[in-house]
Amino acid sequence: MIDVVADQILPAFGAQGMVISAADSGRLKITGQRGYDPRTIARLDGLPLETDVTPAGHVLRNAAPAFFADPDEMARAYPRAPALSGKQAWAFLPLVVSDRRVGCCILSYDRPHPFGAGERAVLVSLGGLIAQAMDRALLYDAKHDLAHGLQQALLPTTLPRVPGLDVTARSRHTPTSPVHGGGAQSKAPEGTARGDGSRPGREPRLCGPAAPRH
């Protein structure tokens, strides 16, 4: 997601850096970045929401954006922040969906950058769009993990012994499955009994044993 967002937004606003963080168990976990040294990201990743190192936690907790046109302006409120990245201007945008605070987006600049009223309004609206996209991505991940867990749970832990046959169990997905296309689709070898999950357009069923060829 970060690559799509960064490719569209950074050139449009003349920014050189971007960090997207998600709120996770009282901390800001960085989910993607562009234009930062990995060592800087390592220092910023996992900061508590109550941090006073950067404005990110305050911005997210209060759902209010913050703009800093140069390092002096940033240093007056957050003395340690300017030295962390070497950037010269910042826009901190809360990512909020239906009053749920999901994360924070930071745009940064290599030179001082005054933020006019019009640009600030556009950036705030942009934060809302990023928040919705991020929320959908997190929801998809959660559905995918749930589907995978259910598939694993539904597979039998033991299989019957059938003389002369190798017995196996595999999961197959219907077109409405959130992970359609990700399951095993290969045919069973001759002389194999297989318990299938679901098949496109049909109810799940157990396939009978195939007669071994002589």
# chains A, B, ... in the order shown; residues from 1 in each chain; ligands from 1

$ residues_around --residues "Asp45 in chain A" --least-positions-apart "6" --cutoff "7 Å" --atoms "only C-alpha atoms" --output "PyMOL selection string"
chain A and resi 28-30

$ residues_around --residues "Pro55 in chain A" --least-positions-apart "4" --cutoff "9 Å" --atoms "only C-alpha atoms" --output "list in words"
Thr51, Val59, Leu60, Ala66, Met74, Ala77, Tyr78, Ala81 and Phe92 of chain A

$ atom_distance --atom1 "CA of Asp3 in chain A" --atom2 "CA of Leu129 in chain A"
15.2 Å

$ select_by_dssp --residues "range 39-87 of chain A" --states "strand (DSSP E or B)" --output "MDAnalysis selection string"
chainID A and resid 47:48 66:68
